[in-house]
Structure formats: C-alpha cells, structure tokens
Number of protein chains: 2
Amino acid sequence: MSARVSGSLRVVGLGPAGAEWRTPEAEQALERAEHVVGYHTYLARLTELPGATLHGSDNGDELARARHALELAQSGFRVVIVSGGDAGVFGMAAAVFEAIERGPASWRALDVSVLPGVTAMLAAAARLGAPLGNDFCALNLSDNLKPWATIERRLELAAEAGFVIALYNPASRARTEQLERAFELLRQHRTPSALVVFAQAIGRPAEALHVTTLAEADPARADMQTLILIGNHTTRSILRPAGPPWVYTPRRLDETP
Amino acid sequence: MSARVSGSLRVVGLGPAGAEWRTPEAEQALERAEHVVGYHTYLARLTELPGATLHGSDNGDELARARHALELAQSGFRVVIVSGGDAGVFGMAAAVFEAIERGPASWRALDVSVLPGVTAMLAAAARLGAPLGNDFCALNLSDNLKPWATIERRLELAAEAGFVIALYNPASRARTEQLERAFELLRQHRTPSALVVFAQAIGRPAEALHVTTLAEADPARADMQTLILIGNHTTRSILRPAGPPWVYTPRRLDETP
C-alpha cells in the first residue's frame with residue numbers, strides 16, 4: 001500500500017464495551033482505516049477489520065503511541081487511534097494533541113479529528129438508574145501525571161460542592177493505595193451513608209455492580225476495569241421486588257427520601 | 001393495539017444530533033417502541049417510526065412526561081422516553097426515577113432501563129480537540145430546580161479545584177442573567193485568560209463554535225442550544241495553518257504552553 005499525499009488521523013472512542021454502544025461514525029472510521037493504533041486490550045474488542053493493519057501496544061506510553069499514529073497519518077495513510085469509552089475523557093485525545101503541540105509544525109496541517117463516544121461513567125450510570133442526575137465531576141485517580149496533593153484537594157472541594165463524583169482509574173496492579181486514601185478523605189467531607197458504587201467491566205462479560213456506602217466501601221474491590229461513583233447527600237436507592245435497587249440522584253437538592 | 005401483561009420503559013439518549021452519534025442499542029429500542037414520549041424538538045430529530053405512536057410535549061414538566069411514559073408501560077406497551085444527548089446527564093432519567101419513587105408501588109415492578117448516549121459535552125469536546133483531557137465537572141446552570149446560591153458555591157469550588165467546567169443549560173428565553181453572573185464569579189477565581197468555548201447545536205445544521213477568554217466572554221452569545229466549556233489554567237489552543245485552532249487540556253498540570 002503506497003503512501004498518499006494526504007493522510008488523516010481519527011481519534012476514536014470505542015465505547016465502554018461492544019458494538020451496541022459504539023457510534024455509527026466510529027464504526028465507519030474503523031471500516032475505512034488503513035492503520036489502527038491502540039492498547040491491545042481495546043483492539044481485541046474490535047470485530048475483524050480486513051482492510052487495516054493493527055498496531056497493538058501495551059498500556060503506558062500514550063505519547064509514543066500518539067506519535068506513531070501521527071507519523072502514519074503524515075505518511076499519507078488513513079489512521080485510527082482508539083480509546084475505550086470516549087477518547088476525550090482520560091483517553092488518547094489529549095495525548096494526541098500534546099504530541100502535535102510538541103511535534104513538527106507539519107503535524108498541525110494534518111487532517112486530525114476526534115469522534116465522540118459513550119464514556120464509562122455514562123454506561124455505569126445507565127445500568128444503575130440515574131446517579132448523575134445532578135451536578136457531577138469526573139476525576140482521574142491516577143497520580144502518574146499529576147501530584148497526589150492535587151487529587152486530594154480536588155476530592156475535598158468536590159465533596160464540599162456536593163458533586164456526585166466519578167473516579168476513573170481508581171486502581172491498577174501497581175497502584176492500590178490511592179483509592180483507600182480517597183475514601184478516607186471523603187469520609188471526612190461527606191456523610192458516611194453516601195452511596196458508593198463499584199462498576200466493573202460494564203457491558204462486558206465480567207460486568208458487576210456493587211452498591212455500598214462510603215462507611216463500608218472496601219477499596220480492594222477495585223481493579224483496572226472499575227469505575228467508582230460516589231453519590232452526594234441526596235443520592236438514594238429505590239428497592240424493587242425483583243432485581244437490584246435502582247440508584248439515582250434527584251434533580252432537586254431538597255428532595256427528601 | 002391491545003395492552004399486554006408486561007410492558008417496558010426504555011429511557012433513551014438520542015445523542016447530541018443525528019443518527020451518526022446514536023448507539024445501535026438506542027436505535028433498536030426506537031424501532032421496537034410502540035409509544036415514544038418526549039420533548040417535541042427531540043422527536044423531530046427521529047427518522048420515521050411507522051410502528052410507534054409519538055407523544056410530543058413542550059419542554060417543562062419532565063415529571064408529568066415521565067409519569068405518562070410509566071403509565072403507558074404499566075398498560076403493557078413497549079415505551080421509549082427520549083432525551084437529547086445522554087438521558088442520565090440533565091435529561092429524563094432522573095425525572096423517571098423521581099416519578100417511580102413517588103408513584104404507585106406497582107411501578108417498581110416495571111421493566112425500566114436506561115440506555116446510555118453521547119452527552120453534549122463529549123461531542124463539543126471532540127469538535128474542539130480535547131478540552132476535557134484533565135479532571136472536569138458538569139453543572140446545570142438552570143436554577144429552576146436548585147437555589148442559585150448552590151450554583152454559585154459549586155462554581156467557586158470547581159474553579160478553585162482547577163476543574164474544566166461544562167455548563168449545561170446556560171440560558172433560555174426566560175433566563176439570561178445566570179450566565180452573566182457565572183462569568184463574573186469565575187473571573188474572581190480563575191485567570192481572565194482562561195479559554196471559554198460557546199458550543200452551539202453541535203452536529204446539527206446550526207453548529208457553531210466560538211472560542212474566547214473568560215475576560216472577553218459575552219453571555220449574550222448563549223442560547224438554549226449552547227453548551228459552555230471553561231478551561232482551567234493549562235487549557236490552551238494549538239494554531240493550525242487551515243481551520244480553527246484546536247483546544248485541549250494537557251493530562252499533566254505542569255505542562256508549559
């Protein structure tokens with residue numbers, strides 16, 4: 001396949017699981033791609049793409065992966081770089097623009113665009129009911145790229161503001177202490193009866209939802225596939241005769257349970 | 001069409017625009033629906049649904065609309081209630097669970113589920129680059145359902161935390177002062193050079209993006225179809241030879257422009 005004058009890079013969110021939560025726009029970009037770059041776990045979720053060369057890599061150096069994709073686009077290929085969920089939420093989009101900002105001026109002339117997707121907190125929220133029904137925030141709990149002190153300060157202020165809190169990347173194999181410290185901190189700023197949800201592998205075969213309280217939340221439940229939701233003081237559950245309770249946050253703050 | 005023993009209610013986010021950003025799961029629910037309930041502006045975005053009766057209503061009483069959908073499901077029909085974007089983010093999902101909580105016990109036995117979608121801030125962010133590349137929050141600026149003092153407090157704390165801020169419902173025909181007050185407040189807590197984006201009707205024919213700064217932001221630009229994004233102190237633009245600048249927030253807080 002020879003390189004052409006004008007390549008492109010599409011930064012694509014695959015959604016949290018399979019094709020049922022993937023946009024037609026994302027599917028079309030994948031079908032047209034000549035090269036697909038991404039973390040191998042995400043590439044493994046794709047159905048066969050006979051027209052494309054797959055470039056799987058380990059999790060880790062997102063910037064190197066972004067540069068690889070940009071170089072392929074620069075060479076004239078139609079390139080897709082993938083993320084789970086939405087690429088703009090703790091996914092590959094920011095890494096791609098960091099690479100462009102630091103890279104050769106010619107990369108700024110490339111045809112680059114981001115295609116939105118369903119991010120994990122929306123899928124987890126949908127499974128539960130409507131826990132994001134009032135104002136909320138999304139925090140990346142990894143301190144690989146920002147100081148832990150900043151994360152603590154953001155957690156405190158988010159709790160004080162009464163935001164429902166979504167925690168992305170609460171734990172990894174190498175990183176298990178952060179969630180414990182986050183729960184300890186939040187217990188000082190939010191009622192111990194606040195609902196906490198561990199949402200694992202939503203939409204995938206290993207899907208599991210565990211609803212508990214801030215007082216009882218066990219950080220050891222979290223793994224690399226877990227998203228954590230922490231309700232505000234109005235978030236409550238609705239028991240039902242069959243099935244797990246729904247969890248929702250009323251739109252009004254004065255809503256009494 | 002006669003009522004059956006067991007109806008269902010699917011709370012469906014249509015995405016921010018047309019079918020290219022709508023999940024296959026949402027499309028399938030619409031195709032199977034016998035009744036579709038929703039704000040008439042959203043119903044107008046649907047392609048023909050020959051098997052369904054459409055129940056359009058004015059914006060406003062979401063709780064009444066939710067009850068109507070629940071009553072139809074209770075009568076045995078396959079019912080869909082729609083929102084723009086994701087139903088769980090300032091959409092119909094919270095209203096449905098409020099209605100269930102206050103309604104007859106039999107509603108808790110209904111087959112109700114929420115199907116996730118692409119919410120407006122993800123689509124706006126994708127068009128811009130990666131403005132949500134670091135921690136962020138989403139606030140509904142309408143004070144129809146919560147005190148303005150709470151909104152002000154949340155804005156202050158979000159600014160202090162360094163969150164990128166997405167403002168939903170910044171203005172309506174009846175409500176234009178709030179965004180002006182929000183900008184005034186944020187100017188006291190965030191650098192005047194912070195980037196502000198007015199994202200209008202993203203993905204729809206009237207799509208428009210306007211990038212400015214907190215110092216210069218004119219609240220009169222916002223209408224009912226606008227989402228506002230306010231960058232943190234690291235959010236920056238990348239100029240390019242053709243096309244509007246990209247806007248992104250680095251993953252690292254110490255990233256120097």
# chains A, B, ... in the order shown; residues from 1 in each chain; ligands from 1
>>> interface_residues(of="chain B", to="chain A", cutoff="7 Å", atoms="only C-alpha atoms", output="VMD selection string")
chain B and resid 20 to 25 88 to 90 93 to 94 97 to 98 101 108 to 109 114 to 118 122 to 123 125 to 127 129 to 130 132 to 140 145 to 146 153 to 154 157 161 238 240 to 242 248 to 253
>>> select_by_dssp(residues="range 28-228 of chain A", states="helix (DSSP H, G or I)", output="ChimeraX atom specification")
/A:28-32,40-43,62-74,92-102,105-109,120-128,148-161,177-187,219-221
>>> residues_around(residues="Val37 in chain A", least_positions_apart="3", cutoff="12 Å", atoms="only C-alpha atoms", output="ChimeraX atom specification")
/A:9-12,30,33-34,40-44,46,52-59,62,64-73,78-83,92,96
>>> select_by_dssp(residues="range 72-179 of chain A", states="strand (DSSP E)", output="VMD selection string")
chain A and resid 78 to 83 111 to 115 129 to 130 136 to 140 164 to 168
>>> residues_around(residues="range 169-182 of chain A", least_positions_apart="5", cutoff="8 Å", atoms="only C-alpha atoms", output="PyMOL selection string")
chain A and resi 140-142+152+155+218-220+222-228
>>> residues_around(residues="Glu216 in chain B", least_positions_apart="4", cutoff="12 Å", atoms="only C-alpha atoms", output="list in words")
Glu180, Phe183, Glu184, Arg187, Thr191, Pro192, Ser193, Ala194, Leu195, Val196, Val197, His210, Val211, Thr212, Ala220 and Arg221 of chain B
>>> write_last_selection(atoms="N, CA, C and O atoms", output="CSV table (one decimal), in the first residue's frame")
chain,number,residue,atom,x,y,z
B,180,GLU,N,-24.3,35.5,32.9
B,180,GLU,CA,-23.5,36.7,33.2
B,180,GLU,C,-23.0,36.7,34.6
B,180,GLU,O,-21.8,36.9,34.9
B,183,PHE,N,-20.1,34.1,34.8
B,183,PHE,CA,-18.8,34.6,34.3
B,183,PHE,C,-18.2,35.6,35.3
B,183,PHE,O,-17.0,35.5,35.5
B,184,GLU,N,-19.0,36.5,35.9
B,184,GLU,CA,-18.5,37.4,36.8
B,184,GLU,C,-17.8,36.7,38.0
B,184,GLU,O,-16.7,37.1,38.4
B,187,ARG,N,-14.6,35.0,37.0
B,187,ARG,CA,-13.4,35.9,36.8
B,187,ARG,C,-12.7,36.2,38.1
B,187,ARG,O,-11.6,36.6,38.1
B,191,THR,N,-8.1,32.6,36.1
B,191,THR,CA,-7.4,33.6,35.3
B,191,THR,C,-8.2,34.2,34.2
B,191,THR,O,-8.9,33.4,33.5
B,192,PRO,N,-8.2,35.5,33.9
B,192,PRO,CA,-9.0,36.1,32.8
B,192,PRO,C,-8.6,35.5,31.5
B,192,PRO,O,-9.4,35.6,30.5
B,193,SER,N,-7.4,35.0,31.3
B,193,SER,CA,-7.0,34.4,30.0
B,193,SER,C,-7.5,33.0,29.9
B,193,SER,O,-7.3,32.3,28.8
B,194,ALA,N,-8.2,32.4,30.8
B,194,ALA,CA,-8.8,31.1,30.7
B,194,ALA,C,-9.7,31.0,29.5
B,194,ALA,O,-10.5,31.9,29.2
B,195,LEU,N,-9.5,29.9,28.7
B,195,LEU,CA,-10.3,29.8,27.5
B,195,LEU,C,-11.8,29.4,27.8
B,195,LEU,O,-12.1,28.6,28.7
B,196,VAL,N,-12.7,30.1,27.0
B,196,VAL,CA,-14.1,29.8,27.2
B,196,VAL,C,-14.6,29.4,25.8
B,196,VAL,O,-14.3,30.1,24.8
B,197,VAL,N,-15.4,28.4,25.7
B,197,VAL,CA,-16.0,28.0,24.4
B,197,VAL,C,-17.5,28.0,24.5
B,197,VAL,O,-18.1,27.5,25.4
B,210,HIS,N,-17.4,29.0,19.2
B,210,HIS,CA,-16.8,30.3,19.4
B,210,HIS,C,-15.8,30.1,20.5
B,210,HIS,O,-16.2,29.8,21.7
B,211,VAL,N,-14.5,30.4,20.3
B,211,VAL,CA,-13.5,30.3,21.3
B,211,VAL,C,-13.1,31.7,21.8
B,211,VAL,O,-12.7,32.5,20.9
B,212,THR,N,-13.1,31.9,23.0
B,212,THR,CA,-12.7,33.2,23.5
B,212,THR,C,-12.1,33.1,24.9
B,212,THR,O,-11.6,32.0,25.2
B,220,ALA,N,-24.3,37.0,26.2
B,220,ALA,CA,-25.4,37.1,25.2
B,220,ALA,C,-25.3,36.1,24.0
B,220,ALA,O,-26.3,35.9,23.3
B,221,ARG,N,-24.1,35.6,23.9
B,221,ARG,CA,-23.9,34.6,22.8
B,221,ARG,C,-24.7,33.2,23.0
B,221,ARG,O,-24.8,32.5,22.1
